[in-house]
Protein chains: 2
Amino acid sequence: MKKEILVILILAGLGLFTPAMADDGYRLWLKYDQITDIAYLKECNKILSGVMITGDSPVISAAHDELIAGLAGMTGSQVTEVSSLKSSGTLVAGTFRSSPVVASLLPDVEPGTIGEEGYIIRSVTMGGKKITVIASEGDRGVLYGVFHLLRLVSMQSPLEDLSITEKPATVLRLLNHWDNLDRSVERGYAGESVWNWHLLPGYISPRYRDYARANASIGINGTVITNVNANALVLTPQYLVKVAALADVMRPYGIKVYLTARFSAPAETGGLATSDPLDPAVARWWKEKASEIYALIPDFGGFLVKANSEGQPGPQNYGRSHADGANMLADAVAPYGGVGMWRAFVYDNNIPVDRAKQAYNEFVPLDGSFRSNVLVQVKNGAVDFQPREPFHPLFGAMPSTPLMMEFQITQEYLGCSTHLVFLAPLFEECLTSDTHAAGPGSDVAKVIDGTLHGHSLTGMAGVANIGSERNWTGHLFGQANWYAFGRLAWQPSLSSATIASEWIRMTLTHDPEIADGISTMMLSSREAAVNYMTPLGLHHIMAEGHHWGPGPWVNRGRPDWTSVYYHRADTIGIGFNRTREGSDAVSQYFPPLNDIFNDPAECPENMLLWFHHVPWDHTMKSGRILWDEMCIRYQEGVNAAEVYGAYWETLNGRIDNAQYEHVRQLLKIQAREARWWKDACLLYFQTFSRRPFPAGVDKPENDLAYYRGLRFYYVPGI
Amino acid sequence: MKKEILVILILAGLGLFTPAMADDGYRLWLKYDQITDIAYLKECNKILSGVMITGDSPVISAAHDELIAGLAGMTGSQVTEVSSLKSSGTLVAGTFRSSPVVASLLPDVEPGTIGEEGYIIRSVTMGGKKITVIASEGDRGVLYGVFHLLRLVSMQSPLEDLSITEKPATVLRLLNHWDNLDRSVERGYAGESVWNWHLLPGYISPRYRDYARANASIGINGTVITNVNANALVLTPQYLVKVAALADVMRPYGIKVYLTARFSAPAETGGLATSDPLDPAVARWWKEKASEIYALIPDFGGFLVKANSEGQPGPQNYGRSHADGANMLADAVAPYGGVGMWRAFVYDNNIPVDRAKQAYNEFVPLDGSFRSNVLVQVKNGAVDFQPREPFHPLFGAMPSTPLMMEFQITQEYLGCSTHLVFLAPLFEECLTSDTHAAGPGSDVAKVIDGTLHGHSLTGMAGVANIGSERNWTGHLFGQANWYAFGRLAWQPSLSSATIASEWIRMTLTHDPEIADGISTMMLSSREAAVNYMTPLGLHHIMAEGHHWGPGPWVNRGRPDWTSVYYHRADTIGIGFNRTREGSDAVSQYFPPLNDIFNDPAECPENMLLWFHHVPWDHTMKSGRILWDEMCIRYQEGVNAAEVYGAYWETLNGRIDNAQYEHVRQLLKIQAREARWWKDACLLYFQTFSRRPFPAGVDKPENDLAYYRGLRFYYVPGI
């Protein structure tokens with residue numbers, strides 16, 4: 001080698017003379033940057049000096065390529081692939097079936113215990129040689145095991161003496177994309193839809209594969225690629241070939257494609273006179289449609305349906321029940337192993353006494369009447385993805401029906417893509433709520449994972465926050481919510497702190513001090529948002545038309561779409577009376593929760609105004625009266641948002657500069673908008689409370705007329 | 001240094017053990033990748049061993065940062081900045097005013113000859129030391145000179161004995177963004193608008209600066225950031241602070257921001273009863289609006305207006321002329337040095353005998369009645385950005401008015417973002433057309449650069465093809481059209497081949513054989529598209545609703561929006577009779593063009609059907625009859641598109657893999673769509689010609705009913 005080249009390459013390698021890399025966020029948590037900790041690098045090179053991965057399916061091939069690329073990136077060395085266990089430090093990966101070596105290394109593992117998606121990662125010694133094994137009963141388990149190992153290396157976790165056994169807690173771990181065929185995304189705040197329908201199937205964007213990789217890395221195994229406010233066009237041949245092209249990209253990553261079914265499709269695009277689910281011609285149309293889909297996509301997952309809700313057509317249009325509709329669709333896909341997911345987010349055109357009660361009222365009577373391949377998909381709370389809601393009373397209340405969780409990853413009510421709000425604590429709060437459906441310990445997680453009522457068909461769905469923005473989610477920290485959803489769908493018992501730590505180390509830094517600081521910010525951020533938006537059980541007080549800013553004064557239009565319907569503020573107090581003397585929503589919960597929620601002294605304060613209309617001078621646990629407490633909470637939210645900004649500025653020069661600058665600007669926006677929420681809400685509620693702001697609460701920057709007069713145009717995500 | 005690190009770094013530097021870099025296209029032609037030609041690298045390091053750039057304005061600072069980053073990237077070494085000319089190999093850059101050194105190195109340059117934007121790059125020797133000087137009278141000239149030098153290095157051009165003098169031929173070199181405030185882009189095929197209005201001014205995307213850099217690198221000095229189908233909202237305070245934030249990013253790159261003015265804004269958002277340009281209150285409203293804008297944006301460029309065209313409001317709504325409207329707006333911005341650009345693309349609600357004649361008829365009588373800071377912006381052709389049009393007859397016909405060129409960079413009628421169509425030949429064809437307005441040699445370029453009629457206010461606008469897609473333009477080769485526009489606005493006499501060569505070397509490869517191959521493809525691509533879409537002077541035969549696919553049968557709606565209005569096919573022949581016996585559009589051209597165009601024997605065959613209704617059995621220069629010639633041209637277009645795809649596949653492994661795969665897929669789409677155009681058009685025209693396809697023309701893949709029955713949804717760019 002010429003001396004000049006050598007010198008140049010050394011210098012280039014040192015990174016001294018090249019412009020600093022700016023991380024654009026595209027690689028998500030799969031960065032595979034070279035390890036800079038020399039001791040850890042040595043450990044890696046020792047323990048993973050050779051790789052032997054057996055099997056030749058597309059899934060194994062994807063696992064192989066990921067492993068090789070990931071290890072090469074992180075170790076900075078070409079990975080040596082070996083065909084036998086000649087030396088110490090070999091990584092062996094494969095299924096028990098396809099690899100006799102794998103089977104021989106784990107003689108103690110009983111067949112059938114790990115499953116197709118579960119895996120074992122274990123350090124073993126054979127003939128004095130140290131071997132690391134990744135084993136599964138299925139190719140997908142090997143893929144997940146590979147991603148797990150890569151995560152360990154990314155986090156610079158110890159690689160010796162591994163003894164990991166993982167199995168997903170739920171069968172269906174799905175993203176729901178509220179993406180329209182024109183590439184707009186309902187409640188999407190990260191650019192257009194990732195799906196470029198116009199160019200499909202001819203143009204396969206590299207993003208599709210990276211999307212699949214990212215999802216597989218956190219165990220997501222399905223994606224509903226179309227909006228629940230559905231378009232029948234996607235079921236036409238012109239679009240199905242496009243869907244099939246996406247399915248082809250997803251398949252090697254263990255991801256099935258699902259579609260939303262427009263219930264009126266037989267009449268809209270099928271030329272039938274009706275879409276009545278009990279009409280034999282309609283049922284036949286769906287069966288033929290399923291046959292057509294499965295011919296193109298043999299592993300098609302099935303349908304997700306939003307019916308008779310917010311204007312969507314459904315079986316009730318024909319005097320039929322949700323079960324009639326769901327069962328007809330489920331029958332169409334059943335011969336191919338498909339499922340039907342029927343959303344419980346329903347409310348009819350009659351204005352209810354309490355919208356929060358409707359799903360329970362409509363669905364509990366149907367328990368037991370669904371086909372075995374139907375899941376009812378239930379939002380975490382009974383209203384609509386508010387910053388805080390009590391868990392949905394349906395959980396535990398339909399023992400004969402698999403209930404699938406629907407979380408919202410996109411931050412419809414949580415600052416869209418400009419607020420740093422880590423959602424794992426919200427998800428965790430719901431999953432660990434005890435429904436008491438079968439006595440104490442009947443956590444929501446046990447309803448979802450099927451253990452409470454003995455269901456084997458289980459699932460969790462997350463409404464995606466993914467778009468065509470380079471960093472996928474608009475806000476860099478939006479990536480953490482995608483990550484958290486996947487990890488919790490796999491293992492609902494994971495703690496928010498664990499998830500945050502994993503994500504931070506893979507995405508931002510290995511510096512433990514910085515990681516701790518960022519983790520503290522993330523773990524407190526959801527409570528901060530609750531405080532500056534809807535403290536103490538307030539909910540649904542956002543602006544009209546968009547769900548981004550405050551609008552507690554909204555009182556026009558359909559009552560249960562207003563703010564005043566939900567907060568019920570008057571000169572006496574504030575809050576929705578859902579007690580037995582009120583809407584009696586409390587009675588939809590099992591004892592003793594019904595009594596606890598019913599009693600203002602017992603009801604957790606963070607849900608007080610959800611269940612009670614409380615006088616402004618009600619004494620809170622802090623000793624303050626309600627009005628003062630509410631003011632202080634709003635102020636605390638603002639203060640937290642400002643602290644985040646100030647803390648972040650201490651990271652200047654200590655993390656990647658592009659990441660730093662991106663988040664710095666967004667945190668400034670968040671702090672400003674937190675103050676907007678506080679000022680607007682408190683000034684408005686003050687017109688009822690007629691009390692001054694307590695000490696410690698900042699004077700509003702403008703008067704109420706100013707906030708009420710603000711108009712915004714073209715707010716994203718509608 | 002520890003031995004391990006050294007080894008790792010060497011290996012990393014060699015690139016052997018890291019995953020291959022995939023070029024996502026974001027860096028455009030400003031890649032600054034390290035030079036791999038060792039001899040050239042040596043030359044660089046010798047000639048540019050030290051850098052001395054003087055001045056401290058934001059523009060000089062931008063030039064400095066670009067120079068340092070660019071040279072560091074390409075040489076792989078930190079750039080040494082020096083403060084005096086101690087050693088050989090120094091690059092000196094600055095203005096004559098601010099740098100006595102610069103002035104002393106170029107004693108022969110007369111003050112005032114280079115201008116604020118022009119520059120000299122010269123190799124000089126002083127005291128035995130070899131110095132490279134970049135000199136200008138203005139900071140922007142220094143910036144442009146720096147980009148020129150970086151281009152030389154990027155192209156690995158010789159750096160010795162430089163003697164370059166450059167001055168832009170036009171004063172205003174502008175992009176026109178047809179971007180809406182909701183981020184949709186009219187005729188945009190590269191994702192959403194780059195302007196994220198919702199997040200402005202709080203969030204400044206890194207893209208804004210990179211947009212400014214890219215434009216400055218090709219001499220573009222202004223950007224009209226809003227759609228000509230204008231929205232008055234952008235003139236409200238809420239939006240003007242957002243515009244100002246963008247202007248702040250653009251300013252250091254010598255780029256001024258312009259807005260489109262909604263003519264009815266005084267009535268729409270200003271609370272006035274009228275927007276009549278002769279109403280004093282209206283004129284005052286615009287003066288106050290200008291004052292408000294300039295207080296926020298001191299270097300605001302001015303207004304672009306589309307008035308009384310396609311439903312846009314304008315002075316004719318009040319019985320006033322285009323001049324009345326333009327002058328009122330021009331007066332409002334004149335005190336601040338702003339300009340008014342008034343589009344000549346007008347046609348009223350009466351269906352004309354020939355739409356191609358309308359702009360001429362409306363504007364020629366107004367010549368001489370515009371204020372001195374008004375430019376009339378004229379599309380290159382008289383209909384609408386067709387694959388081929390004769391130059392617009394207004395060029396040369398308004399000697400007392402500065403006419404600004406409007407080219408369309410976005411491929412509205414040229415395959416959107418999936419067809420590789422290099423537009424420099426289209427631009428060049430128009431610019432080099434001789435209008436004969438002042439005798440032979442009266443090229444369109446001389447109208448545009450002001451030399452023909454002695455105008456000092458001159459300009460060229462390009463309708464941008466830029467969006468939020470990672471590679472900015474959707475199709476990688478769309479970048480070449482943006483590049484070509486900028487280069488031609490600076491210097492209209494540049495050849496397409498020169499421009500292609502520059503772009504290829506900076507974007508794709510330094511391999512001369514590959515560069516030649518790609519250049520051949522690019523230079524022939526526009527003629528190929530003309531052939532498979534609209535050969536022999538055909539025009540405006542695209543589908544209804546979108547302008548992407550063929551629709552020669554379109555006959556519904558407003559006649560001059562149909563295809564049949566333009567092609568006039570019947571059993572006798574095809575083409576629009578614009579001769580003296582027809583619409584007499586030929587008489588809008590100066591002699592001898594009027595006679596040449598009028599005579600089917602003299603009229604260039606590539607415009608024959610533009611000017612003539614020609615019998616199917618008319619003998620062409622090839623000896624074939626018209627029908628056969630048309631069929632052959634369509635087939636030649638298809639053949640070319642297929643050859644491009646086959647050629648491109650020979651580049652597998654020889655260029656960046658991501659670039660390769662991206663273009664490979666798109667060329668396949670292009671070839672398929674070329675065949676769609678041919679089959680649909682020929683089958684349709686055959687219903688009139690009643691003649692068979694000649695030998696060598698492929699049998700259509702489907703019948704005419706199939707093509708007429710195709711329906712597309714959500715085609716981008718509408």
# chains A, B, ... in the order shown; residues from 1 in each chain; ligands from 1

call {"tool": "select_by_dssp", "arguments": {"residues": "stretch 262-338 of chain B", "states": "strand (DSSP E or B)", "output": "list of chain:residue names"}}
result
B:Gly302, B:Phe303, B:Leu304, B:Val305, B:Ser309

call {"tool": "residues_around", "arguments": {"residues": "B:Cys44", "least_positions_apart": "4", "cutoff": "9 Å", "atoms": "only C-alpha atoms", "output": "PyMOL selection string"}}
result
chain B and resi 39-40+48-49+71+75+153+158-159

call {"tool": "write_last_selection", "arguments": {"atoms": "N, CA and C atoms", "output": "PDB file, in the first residue's frame"}}
result
ATOM      1  N   ALA B  39      -3.346  10.984  -7.975  1.00  0.00           N
ATOM      2  CA  ALA B  39      -2.623  12.061  -8.659  1.00  0.00           C
ATOM      3  C   ALA B  39      -3.392  13.375  -8.517  1.00  0.00           C
ATOM      4  N   TYR B  40      -4.686  13.279  -8.695  1.00  0.00           N
ATOM      5  CA  TYR B  40      -5.478  14.505  -8.590  1.00  0.00           C
ATOM      6  C   TYR B  40      -5.501  15.015  -7.154  1.00  0.00           C
ATOM      7  N   LEU B  48      -4.047  23.799  -3.285  1.00  0.00           N
ATOM      8  CA  LEU B  48      -4.970  24.339  -2.277  1.00  0.00           C
ATOM      9  C   LEU B  48      -4.490  23.963  -0.872  1.00  0.00           C
ATOM     10  N   SER B  49      -3.199  24.144  -0.644  1.00  0.00           N
ATOM     11  CA  SER B  49      -2.670  23.701   0.655  1.00  0.00           C
ATOM     12  C   SER B  49      -3.075  24.639   1.786  1.00  0.00           C
ATOM     13  N   LEU B  71     -13.638  21.200   0.793  1.00  0.00           N
ATOM     14  CA  LEU B  71     -12.245  20.777   0.591  1.00  0.00           C
ATOM     15  C   LEU B  71     -11.850  19.696   1.580  1.00  0.00           C
ATOM     16  N   THR B  75     -10.564  16.284   0.008  1.00  0.00           N
ATOM     17  CA  THR B  75      -9.149  15.932   0.176  1.00  0.00           C
ATOM     18  C   THR B  75      -8.957  14.963   1.325  1.00  0.00           C
ATOM     19  N   VAL B 153     -13.123  21.016  -8.381  1.00  0.00           N
ATOM     20  CA  VAL B 153     -12.497  19.912  -7.639  1.00  0.00           C
ATOM     21  C   VAL B 153     -13.401  18.675  -7.690  1.00  0.00           C
ATOM     22  N   PRO B 158      -8.569  20.180 -13.906  1.00  0.00           N
ATOM     23  CA  PRO B 158      -7.257  20.760 -13.606  1.00  0.00           C
ATOM     24  C   PRO B 158      -7.403  22.053 -12.813  1.00  0.00           C
ATOM     25  N   LEU B 159      -6.478  22.253 -11.891  1.00  0.00           N
ATOM     26  CA  LEU B 159      -6.549  23.438 -11.031  1.00  0.00           C
ATOM     27  C   LEU B 159      -5.411  24.409 -11.310  1.00  0.00           C
TER      28      LEU B 159
END

call {"tool": "residues_around", "arguments": {"residues": "stretch 527-539 of chain A", "least_positions_apart": "2", "cutoff": "6 Å", "atoms": "only C-alpha atoms", "output": "MDAnalysis selection string"}}
result
chainID A and resid 387 524:525 541 605:610 633:634 637:638 674 677:678

call {"tool": "residues_around", "arguments": {"residues": "stretch 544-550 of chain B", "least_positions_apart": "5", "cutoff": "7 Å", "atoms": "only C-alpha atoms", "output": "list in words"}}
result
Glu412, Tyr413, Gly415, Cys416, Trp677, Ala680, Cys681, Val715 and Ile718 of chain B

call {"tool": "residues_around", "arguments": {"residues": "A:Ser154", "least_positions_apart": "5", "cutoff": "8 Å", "atoms": "only C-alpha atoms", "output": "ChimeraX atom specification"}}
result
/A:32,74,505-506

call {"tool": "write_last_selection", "arguments": {"atoms": "N, CA, C and O atoms", "output": "PDB file, in the first residue's frame"}}
result
ATOM      1  N   TYR A  32     -26.028   0.397  14.503  1.00  0.00           N
ATOM      2  CA  TYR A  32     -24.868  -0.455  14.252  1.00  0.00           C
ATOM      3  C   TYR A  32     -23.590   0.351  14.057  1.00  0.00           C
ATOM      4  O   TYR A  32     -22.734  -0.010  13.242  1.00  0.00           O
ATOM      5  N   MET A  74     -20.787  -2.925  13.910  1.00  0.00           N
ATOM      6  CA  MET A  74     -20.443  -2.632  15.303  1.00  0.00           C
ATOM      7  C   MET A  74     -19.012  -3.018  15.654  1.00  0.00           C
ATOM      8  O   MET A  74     -18.363  -2.351  16.441  1.00  0.00           O
ATOM      9  N   ARG A 505     -29.787   3.920  24.745  1.00  0.00           N
ATOM     10  CA  ARG A 505     -28.440   3.433  24.463  1.00  0.00           C
ATOM     11  C   ARG A 505     -28.270   3.086  22.992  1.00  0.00           C
ATOM     12  O   ARG A 505     -27.193   3.235  22.426  1.00  0.00           O
ATOM     13  N   MET A 506     -29.317   2.617  22.365  1.00  0.00           N
ATOM     14  CA  MET A 506     -29.192   2.271  20.943  1.00  0.00           C
ATOM     15  C   MET A 506     -29.309   3.498  20.043  1.00  0.00           C
ATOM     16  O   MET A 506     -28.834   3.485  18.915  1.00  0.00           O
TER      17      MET A 506
END

call {"tool": "residues_around", "arguments": {"residues": "B:Asn221", "least_positions_apart": "3", "cutoff": "6 Å", "atoms": "only C-alpha atoms", "output": "NGL selection string"}}
result
:B and (173 or 254-255)

call {"tool": "closest_residue", "arguments": {"among": "A:Ser123, A:Ala135, A:Ala244, A:Thr401", "to": "A:Gly202", "atoms": "only C-alpha atoms"}}
result
A:Ala244

call {"tool": "closest_residue", "arguments": {"among": "A:Leu200, A:Val305, A:Leu30, A:Val82", "to": "chain B", "atoms": "only C-alpha atoms"}}
result
A:Leu200

call {"tool": "residues_around", "arguments": {"residues": "A:Ala445", "least_positions_apart": "3", "cutoff": "12 Å", "atoms": "only C-alpha atoms", "output": "PyMOL selection string"}}
result
chain A and resi 169-170+380+391+395-396+403-405+427-435+441-442+448-453+458-460+488-494

call {"tool": "select_by_dssp", "arguments": {"residues": "stretch 443-597 of chain B", "states": "helix (DSSP H, G or I)", "output": "ChimeraX atom specification"}}
result
/B:444-448,478-490,496-507,512-533,535-537,559-561,564-567,585-588,593-597
